[in-house]
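Remarks on the structure that follows.
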Amino acid sequence: MKQWQIVDEWSFAGLKLLDAARPEPGPGEVLLKMKAVSLNYRDYLMVGRGYGRMSGELPLVPLSDGVGEVVALGAGVEDVALGTRRLPCFIQTWFSGDMGPAGFAGALGGPLDGTAREFMNVPVASSVPVPDHLSDVEAATLCCAAITAWNALAEMPATAVDGGTVVTQGTGGVSLLALQLAKDRGARVIATSSSAEKLARLKAMGADETINYREVPDWGKAVLGLTDGLGADLVVEVGGASTISQSMRATRADGTISLVGNVGGSIAEVNLPLIFMFRKRLAGISTGSVADFHAMMARIGETGFRPALDDQIYDFDGLSRALQALPKGQHFGKIAVRVA
């Protein structure tokens, strides 16, 4: 089989498409013939060992997202049919409840070998079936960004009415999926971007209101203006240092900020009285457990939900090129790669 591997140095020069032996499934495992994978910013950073010791050791098969067809069963595997599709869960060792002290030690694409290969073994207990209505490339996008958006929205305050009001930031994978999943739950969505073209596309995807944060840098105040001065029930915070102050302002009393990223910086000053005087809650979100995946997949199967994909879908031999295109931000929707 073929697989991508960061071989001898943490760089794109060290990322190579190589021949490898096709694995055989062990007890409790299934062998997946990978159909498609998708990219996350995490994958781009991982090529340069951007997660330090949490990146694992070389050689490493990259990527955290993917979907495959079951082509062989390991000993003891029951109730899994050959020819069905399964999605390997991002953190293979997080089954339910809190993540626990092991944290990301069980994460695919670093430190564990990831999905960028034609065949891979995965424990049945660490994977979930895929709804039939999803295409391979659609299903491949759900492993990191979708479960992160799902759990970010799970922090919606119980006092929210009519689905609540959600603010999303930009057009990255988590933000677009949060918009879609929030609309699926009946929420009102206010979306931000610096691009008029992308704002129009966000509107077409279902955003009820949009704000150009380049033209309106005090967009937290603009959110208040769109909510009768109350603020949003929940903000999906991806910017970090560059946006957290505006998110604080945009969130209503007793509301929640789901912190899922820090693309605009890691160190921020926070107005603490704004939190405790108005009982605002800052919740850290780190993807999700296998149990969360089962819940999300059940909902997706019921509703017919389809994730947004970028127009360009790459072939497997173009994976390195696709990864290097990721930080340029010219895509809209998840970047997917066909494996087979």
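Numbering starts fresh at 1 for the residues of each chain in the structure tokens, the chains themselves are lettered A, B, ... in the order given, and ligands are numbered from 1 as they appear.
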
#### Entry: Surrounding residues of Arg279 in chain A excluding itself and chain neighbours under 2 positions, 8 Å, only C-alpha atoms, as a PyMOL selection string
chain A and resi 253-255+274-277+281

Could you write those residues out with N, CA and C atoms, as a compact mmCIF listing (two decimals), in the first residue's frame?
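Written out: selection_37.txt:
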```txt
# COMPACT_ATOMS: atom_id res chain seq x y z
N ALA A 253 -25.09 38.27 29.78
CA ALA A 253 -24.98 37.83 31.18
C ALA A 253 -25.47 36.39 31.26
N ASP A 254 -24.73 35.56 31.99
CA ASP A 254 -25.02 34.13 32.13
C ASP A 254 -24.80 33.35 30.83
N GLY A 255 -24.11 33.96 29.87
CA GLY A 255 -23.81 33.29 28.61
C GLY A 255 -22.48 32.56 28.66
N LEU A 274 -15.78 41.59 34.11
CA LEU A 274 -16.80 41.33 33.10
C LEU A 274 -17.30 39.89 33.19
N ILE A 275 -16.43 39.00 33.68
CA ILE A 275 -16.82 37.59 33.83
C ILE A 275 -17.63 37.39 35.09
N PHE A 276 -17.07 37.79 36.25
CA PHE A 276 -17.77 37.43 37.49
C PHE A 276 -18.96 38.32 37.80
N MET A 277 -18.95 39.57 37.37
CA MET A 277 -20.11 40.42 37.64
C MET A 277 -21.32 40.02 36.81
N ARG A 281 -19.32 32.54 31.35
CA ARG A 281 -18.58 31.30 31.52
C ARG A 281 -17.66 31.08 30.33
```

### Query
Any idea what's packed within 12 Å of Trp219 in chain A, counting only C-alpha atoms, ignoring anything in its chain fewer than 2 positions away? Could you give it as number ranges by chain?
A: 167-169, 190-194, 210-217, 221-226, 231, 243-251

Generate the output file for the selected residues, N, CA and C atoms, as a JSON list (two decimals), in the first residue's frame.
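For reference, again.json as written:
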```
[["chain", "number", "residue", "atom", "x", "y", "z"],
["A", 167, "VAL", "N", -22.71, 33.11, 18.10],
["A", 167, "VAL", "CA", -21.78, 33.88, 17.28],
["A", 167, "VAL", "C", -20.67, 32.96, 16.83],
["A", 168, "THR", "N", -20.39, 32.94, 15.52],
["A", 168, "THR", "CA", -19.25, 32.20, 14.98],
["A", 168, "THR", "C", -18.26, 33.18, 14.38],
["A", 169, "GLN", "N", -16.98, 32.78, 14.36],
["A", 169, "GLN", "CA", -15.92, 33.67, 13.89],
["A", 169, "GLN", "C", -15.24, 33.08, 12.67],
["A", 190, "ILE", "N", -25.09, 34.59, 14.29],
["A", 190, "ILE", "CA", -24.43, 35.82, 13.85],
["A", 190, "ILE", "C", -23.00, 35.43, 13.50],
["A", 191, "ALA", "N", -22.59, 35.61, 12.24],
["A", 191, "ALA", "CA", -21.28, 35.16, 11.77],
["A", 191, "ALA", "C", -20.41, 36.35, 11.40],
["A", 192, "THR", "N", -19.13, 36.25, 11.70],
["A", 192, "THR", "CA", -18.18, 37.32, 11.38],
["A", 192, "THR", "C", -17.17, 36.84, 10.34],
["A", 193, "SER", "N", -16.66, 37.79, 9.57],
["A", 193, "SER", "CA", -15.58, 37.55, 8.62],
["A", 193, "SER", "C", -15.05, 38.90, 8.18],
["A", 194, "SER", "N", -13.85, 38.91, 7.59],
["A", 194, "SER", "CA", -13.31, 40.16, 7.04],
["A", 194, "SER", "C", -13.51, 40.26, 5.55],
["A", 210, "THR", "N", -24.65, 38.91, 9.61],
["A", 210, "THR", "CA", -23.20, 38.86, 9.42],
["A", 210, "THR", "C", -22.59, 40.20, 9.78],
["A", 211, "ILE", "N", -21.32, 40.16, 10.21],
["A", 211, "ILE", "CA", -20.58, 41.36, 10.58],
["A", 211, "ILE", "C", -19.19, 41.28, 9.95],
["A", 212, "ASN", "N", -18.80, 42.32, 9.23],
["A", 212, "ASN", "CA", -17.45, 42.43, 8.70],
["A", 212, "ASN", "C", -16.57, 43.03, 9.79],
["A", 213, "TYR", "N", -15.74, 42.21, 10.42],
["A", 213, "TYR", "CA", -14.97, 42.70, 11.57],
["A", 213, "TYR", "C", -13.83, 43.64, 11.16],
["A", 214, "ARG", "N", -13.48, 43.66, 9.88],
["A", 214, "ARG", "CA", -12.48, 44.64, 9.43],
["A", 214, "ARG", "C", -13.12, 46.02, 9.36],
["A", 215, "GLU", "N", -14.36, 46.08, 8.90],
["A", 215, "GLU", "CA", -15.07, 47.35, 8.84],
["A", 215, "GLU", "C", -15.64, 47.74, 10.19],
["A", 216, "VAL", "N", -15.93, 46.75, 11.03],
["A", 216, "VAL", "CA", -16.51, 46.99, 12.35],
["A", 216, "VAL", "C", -15.63, 46.29, 13.39],
["A", 217, "PRO", "N", -14.47, 46.89, 13.73],
["A", 217, "PRO", "CA", -13.57, 46.22, 14.68],
["A", 217, "PRO", "C", -14.20, 46.01, 16.05],
["A", 221, "LYS", "N", -19.78, 45.03, 20.23],
["A", 221, "LYS", "CA", -20.84, 46.01, 20.40],
["A", 221, "LYS", "C", -21.91, 45.83, 19.34],
["A", 222, "ALA", "N", -21.47, 45.47, 18.11],
["A", 222, "ALA", "CA", -22.44, 45.25, 17.03],
["A", 222, "ALA", "C", -23.35, 44.06, 17.35],
["A", 223, "VAL", "N", -22.80, 43.03, 17.99],
["A", 223, "VAL", "CA", -23.63, 41.89, 18.40],
["A", 223, "VAL", "C", -24.68, 42.35, 19.40],
["A", 224, "LEU", "N", -24.29, 43.21, 20.33],
["A", 224, "LEU", "CA", -25.27, 43.74, 21.28],
["A", 224, "LEU", "C", -26.39, 44.47, 20.54],
["A", 225, "GLY", "N", -26.01, 45.23, 19.49],
["A", 225, "GLY", "CA", -27.03, 45.94, 18.73],
["A", 225, "GLY", "C", -27.99, 45.02, 18.00],
["A", 226, "LEU", "N", -27.53, 43.82, 17.68],
["A", 226, "LEU", "CA", -28.36, 42.85, 16.97],
["A", 226, "LEU", "C", -29.18, 41.98, 17.91],
["A", 231, "GLY", "N", -26.89, 40.57, 24.12],
["A", 231, "GLY", "CA", -25.73, 39.75, 23.80],
["A", 231, "GLY", "C", -26.12, 38.34, 23.40],
["A", 243, "THR", "N", -9.34, 38.11, 19.61],
["A", 243, "THR", "CA", -10.80, 38.25, 19.58],
["A", 243, "THR", "C", -11.48, 38.08, 20.93],
["A", 244, "ILE", "N", -10.77, 37.62, 21.94],
["A", 244, "ILE", "CA", -11.43, 37.25, 23.20],
["A", 244, "ILE", "C", -12.12, 38.44, 23.86],
["A", 245, "SER", "N", -11.55, 39.64, 23.76],
["A", 245, "SER", "CA", -12.19, 40.79, 24.40],
["A", 245, "SER", "C", -13.52, 41.12, 23.74],
["A", 246, "GLN", "N", -13.56, 41.01, 22.40],
["A", 246, "GLN", "CA", -14.82, 41.27, 21.70],
["A", 246, "GLN", "C", -15.83, 40.16, 21.98],
["A", 247, "SER", "N", -15.37, 38.93, 22.11],
["A", 247, "SER", "CA", -16.27, 37.83, 22.46],
["A", 247, "SER", "C", -16.87, 38.04, 23.83],
["A", 248, "MET", "N", -16.06, 38.50, 24.77],
["A", 248, "MET", "CA", -16.56, 38.79, 26.12],
["A", 248, "MET", "C", -17.67, 39.83, 26.06],
["A", 249, "ARG", "N", -17.45, 40.87, 25.24],
["A", 249, "ARG", "CA", -18.45, 41.92, 25.13],
["A", 249, "ARG", "C", -19.72, 41.42, 24.45],
["A", 250, "ALA", "N", -19.54, 40.50, 23.49],
["A", 250, "ALA", "CA", -20.68, 40.02, 22.71],
["A", 250, "ALA", "C", -21.56, 39.04, 23.47],
["A", 251, "THR", "N", -21.04, 38.46, 24.55],
["A", 251, "THR", "CA", -21.76, 37.41, 25.28],
["A", 251, "THR", "C", -22.67, 38.03, 26.33]]
```

### Message
Restricting the calculation to only C-alpha atoms: of A:Ile257, A:Gly164, A:Pro59, A:Pro27, which residue gets closest to Val124 in chain A?
### Response
A:Pro27

#### Entry: Distance query Pro123 in chain A at most 12 Å, only C-alpha atoms, self and fewer than 5 positions along chain excluded, as a ChimeraX atom specification
/A:25-32,70,73-77,80,86-89,91-93,95,128,290

Produce a file of the selected residues containing C-alpha atoms, as a tab-separated table (two decimals), in the first residue's frame.
```tsv
chain	number	residue	atom	x	y	z
A	25	PRO	CA	-6.19	-6.49	11.93
A	26	GLY	CA	-5.47	-7.63	15.47
A	27	PRO	CA	-7.99	-8.76	18.07
A	28	GLY	CA	-10.86	-6.29	18.38
A	29	GLU	CA	-9.74	-4.38	15.29
A	30	VAL	CA	-11.06	-3.85	11.78
A	31	LEU	CA	-8.96	-3.15	8.71
A	32	LEU	CA	-10.15	-0.06	6.86
A	70	VAL	CA	-14.20	-2.34	6.46
A	73	LEU	CA	-12.14	-8.29	10.74
A	74	GLY	CA	-9.84	-9.12	13.63
A	75	ALA	CA	-10.47	-11.88	16.13
A	76	GLY	CA	-13.49	-11.33	18.34
A	77	VAL	CA	-15.09	-8.64	16.18
A	80	VAL	CA	-19.52	-5.19	12.02
A	86	ARG	CA	-16.31	3.53	9.77
A	87	LEU	CA	-14.71	6.71	11.04
A	88	PRO	CA	-11.69	6.37	13.37
A	89	CYS	CA	-12.28	8.68	16.34
A	91	ILE	CA	-8.57	10.46	20.34
A	92	GLN	CA	-8.60	6.69	20.25
A	93	THR	CA	-8.38	6.24	24.02
A	95	PHE	CA	-14.27	6.68	25.36
A	128	VAL	CA	-18.07	4.76	14.72
A	290	VAL	CA	-16.12	8.18	21.33
```

### Task
Quick one: pick out all alpha helix (DSSP H) residues within range 157-190 of chain A from a backbone DSSP run and write them as a ChimeraX atom specification.
/A:173-184

### Polymer residues at most 8 Å from Gly206 in chain A, only C-alpha atoms, same-chain spacing of 6 or more positions, as a PyMOL selection string
chain A and resi 179-180+183+189

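Of the listed residues A:Val47, A:Leu202, A:Met54, A:Ala152, the one whose atoms come nearest to Ala13 in chain A is A:Val47, with distances taken using only C-alpha atoms.
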
Do a neighbour search on Gly163 in chain A at 9 Å with only C-alpha atoms, toss out local chain neighbours closer than 2 positions, and write the hits as a short mmCIF file (atom, residue, chain, number, x, y, z; two decimals) with N, CA and C atoms, in the first residue's frame.
```
data_model
loop_
_atom_site.label_atom_id
_atom_site.label_comp_id
_atom_site.auth_asym_id
_atom_site.auth_seq_id
_atom_site.Cartn_x
_atom_site.Cartn_y
_atom_site.Cartn_z
N MET A 156 -24.26 25.49 25.36
CA MET A 156 -25.34 26.48 25.31
C MET A 156 -26.03 26.55 26.67
N ALA A 160 -31.18 29.57 27.51
CA ALA A 160 -31.39 30.05 26.14
C ALA A 160 -32.77 29.61 25.64
N VAL A 161 -33.40 30.46 24.85
CA VAL A 161 -34.73 30.14 24.32
C VAL A 161 -34.68 30.08 22.79
N THR A 165 -28.91 32.16 20.63
CA THR A 165 -28.18 32.96 19.65
C THR A 165 -26.70 32.62 19.76
N VAL A 166 -26.11 32.27 18.62
CA VAL A 166 -24.72 31.82 18.57
C VAL A 166 -23.93 32.77 17.68
N ALA A 182 -25.50 24.65 14.56
CA ALA A 182 -26.35 25.56 15.34
C ALA A 182 -27.69 25.77 14.63
N LYS A 183 -27.64 25.96 13.32
CA LYS A 183 -28.89 26.11 12.56
C LYS A 183 -29.72 24.83 12.63
N ARG A 185 -29.96 22.99 15.09
CA ARG A 185 -30.60 22.99 16.41
C ARG A 185 -31.63 24.10 16.57
N GLY A 186 -31.81 24.89 15.53
CA GLY A 186 -32.79 25.96 15.60
C GLY A 186 -32.28 27.26 16.16
N ALA A 187 -30.97 27.43 16.24
CA ALA A 187 -30.39 28.65 16.79
C ALA A 187 -30.37 29.78 15.77
N ARG A 188 -30.30 30.99 16.26
CA ARG A 188 -30.02 32.17 15.44
C ARG A 188 -28.50 32.33 15.43
#
```

Could you make a table, as a tab-separated table, of the residues of range 65-149 of chain A that have an atom within 12 Å of an atom of range 233-239 of chain A, each with its nearest atom pair and distance in Å to one decimal, counting only C-alpha atoms, in chain and number order?
```
residue	atom	partner	partner_atom	distance
A:Ala145	CA	A:Val238	CA	11.6
A:Thr148	CA	A:Val236	CA	10.1
A:Ala149	CA	A:Val236	CA	8.0
```

## Note on the structure
Using only C-alpha atoms, the shortest atom-to-atom distance to Thr141 in chain A among A:Gly97, A:Gly333, A:Gly109, A:Pro62 belongs to A:Gly333

### Summary
As a check of understanding: the span from CA of Gly284 in chain A to CA of Leu309 in chain A is 26.2 Å

### Task
In Å, rounded to a single decimal, give me how far CA of Leu153 in chain A is from CA of Glu209 in chain A.
18.1 Å

### Task
Determine, counting only C-alpha atoms, which protein, DNA and RNA residues have an atom within 10 Å of an atom of Leu319 in chain A; residues of the same chain fewer than 5 positions away are not included. Present the result as number ranges by chain.
A: 4, 15-17, 37-39, 116, 314, 324-325, 336-339

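Checking A:Lys2, A:Lys334, A:Leu323, A:Thr84 one by one against Met46 in chain A, counting only C-alpha atoms, you find the shortest gap at A:Leu323.
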
### Message
With distances taken over only C-alpha atoms, which residue among A:Ala107, A:Ala102, A:Ala139, A:Ala232 lies nearest Thr159 in chain A?
### Response
A:Ala232

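In terms of minimum interatomic distance to Arg85 in chain A, A:Glu69 ranks closest within A:Glu69, A:Asp113, A:Asp19, A:Glu269, counting only C-alpha atoms.
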
### Message
Based on the backbone DSSP call, show me all residues of range 65-223 of chain A assigned strand (DSSP E), as number ranges by chain.
### Response
A: 65-73, 85-88, 119-123, 127-129, 165-169, 188-193, 209-212

N, CA and C atoms of the current selection, written as a CSV table (one decimal), in the first residue's frame:
```csv
chain,number,residue,atom,x,y,z
A,65,ASP,N,-8.1,13.1,10.4
A,65,ASP,CA,-9.5,12.8,9.9
A,65,ASP,C,-9.5,11.8,8.7
A,66,GLY,N,-10.5,11.0,8.7
A,66,GLY,CA,-10.6,10.1,7.5
A,66,GLY,C,-11.8,9.1,7.7
A,67,VAL,N,-12.1,8.4,6.6
A,67,VAL,CA,-13.1,7.4,6.7
A,67,VAL,C,-12.7,6.3,5.8
A,68,GLY,N,-13.1,5.0,6.2
A,68,GLY,CA,-12.7,3.9,5.4
A,68,GLY,C,-13.7,2.8,5.4
A,69,GLU,N,-13.6,1.9,4.4
A,69,GLU,CA,-14.4,0.8,4.3
A,69,GLU,C,-13.8,-0.5,5.0
A,70,VAL,N,-14.7,-1.2,5.7
A,70,VAL,CA,-14.2,-2.3,6.5
A,70,VAL,C,-14.0,-3.5,5.5
A,71,VAL,N,-12.7,-3.9,5.4
A,71,VAL,CA,-12.3,-5.0,4.4
A,71,VAL,C,-11.8,-6.3,5.1
A,72,ALA,N,-11.6,-6.2,6.4
A,72,ALA,CA,-11.2,-7.4,7.2
A,72,ALA,C,-11.5,-7.2,8.6
A,73,LEU,N,-11.8,-8.3,9.3
A,73,LEU,CA,-12.1,-8.3,10.7
A,73,LEU,C,-11.1,-9.0,11.6
A,85,ARG,N,-18.8,1.4,6.2
A,85,ARG,CA,-17.8,2.4,6.5
A,85,ARG,C,-17.7,2.8,7.9
A,86,ARG,N,-16.5,3.1,8.4
A,86,ARG,CA,-16.3,3.5,9.8
A,86,ARG,C,-15.3,4.7,9.8
A,87,LEU,N,-15.5,5.5,10.8
A,87,LEU,CA,-14.7,6.7,11.0
A,87,LEU,C,-13.9,6.5,12.3
A,88,PRO,N,-12.5,6.5,12.2
A,88,PRO,CA,-11.7,6.4,13.4
A,88,PRO,C,-11.8,7.6,14.2
A,119,PHE,N,-4.5,1.8,3.8
A,119,PHE,CA,-5.2,0.9,4.7
A,119,PHE,C,-4.7,1.2,6.2
A,120,MET,N,-5.6,1.0,7.1
A,120,MET,CA,-5.2,1.2,8.5
A,120,MET,C,-6.1,0.4,9.4
A,121,ASN,N,-5.5,-0.1,10.5
A,121,ASN,CA,-6.3,-0.8,11.5
A,121,ASN,C,-6.8,0.1,12.5
A,122,VAL,N,-8.0,-0.1,13.0
A,122,VAL,CA,-8.6,0.7,14.1
A,122,VAL,C,-9.4,-0.2,15.0
A,123,PRO,N,-9.3,0.0,16.3
A,123,PRO,CA,-10.2,-0.8,17.2
A,123,PRO,C,-11.6,-0.4,17.0
A,127,SER,N,-14.0,3.6,17.0
A,127,SER,CA,-14.5,4.0,15.7
A,127,SER,C,-16.0,4.0,15.7
A,128,VAL,N,-16.6,4.7,14.8
A,128,VAL,CA,-18.1,4.8,14.7
A,128,VAL,C,-18.5,4.5,13.3
A,129,PRO,N,-19.7,4.0,13.1
A,129,PRO,CA,-20.3,3.8,11.8
A,129,PRO,C,-20.7,5.2,11.2
A,165,THR,N,-28.9,32.2,20.6
A,165,THR,CA,-28.2,33.0,19.6
A,165,THR,C,-26.7,32.6,19.8
A,166,VAL,N,-26.1,32.3,18.6
A,166,VAL,CA,-24.7,31.8,18.6
A,166,VAL,C,-23.9,32.8,17.7
A,167,VAL,N,-22.7,33.1,18.1
A,167,VAL,CA,-21.8,33.9,17.3
A,167,VAL,C,-20.7,33.0,16.8
A,168,THR,N,-20.4,32.9,15.5
A,168,THR,CA,-19.2,32.2,15.0
A,168,THR,C,-18.3,33.2,14.4
A,169,GLN,N,-17.0,32.8,14.4
A,169,GLN,CA,-15.9,33.7,13.9
A,169,GLN,C,-15.2,33.1,12.7
A,188,ARG,N,-30.3,31.0,16.3
A,188,ARG,CA,-30.0,32.2,15.4
A,188,ARG,C,-28.5,32.3,15.4
A,189,VAL,N,-27.9,32.5,14.2
A,189,VAL,CA,-26.5,32.6,14.1
A,189,VAL,C,-26.0,34.0,13.6
A,190,ILE,N,-25.1,34.6,14.3
A,190,ILE,CA,-24.4,35.8,13.8
A,190,ILE,C,-23.0,35.4,13.5
A,191,ALA,N,-22.6,35.6,12.2
A,191,ALA,CA,-21.3,35.2,11.8
A,191,ALA,C,-20.4,36.3,11.4
A,192,THR,N,-19.1,36.2,11.7
A,192,THR,CA,-18.2,37.3,11.4
A,192,THR,C,-17.2,36.8,10.3
A,193,SER,N,-16.7,37.8,9.6
A,193,SER,CA,-15.6,37.5,8.6
A,193,SER,C,-15.0,38.9,8.2
A,209,GLU,N,-27.4,36.8,10.6
A,209,GLU,CA,-26.8,38.2,10.5
A,209,GLU,C,-25.3,38.0,10.3
A,210,THR,N,-24.7,38.9,9.6
A,210,THR,CA,-23.2,38.9,9.4
A,210,THR,C,-22.6,40.2,9.8
A,211,ILE,N,-21.3,40.2,10.2
A,211,ILE,CA,-20.6,41.4,10.6
A,211,ILE,C,-19.2,41.3,10.0
A,212,ASN,N,-18.8,42.3,9.2
A,212,ASN,CA,-17.4,42.4,8.7
A,212,ASN,C,-16.6,43.0,9.8
```

### Message
At a cut-off of 12 Å, using only C-alpha atoms, what residues contact Leu60 in chain A? Leave out same-chain residues fewer than 3 positions from it and give the result as number ranges by chain.
### Response
A: 3-11, 14-18, 43, 46-49, 55-57, 63-64, 108-117

### Task
Calculate how many Å separate CA of Ser126 in chain A from CA of Asp315 in chain A, rounding to one decimal.
26.8 Å
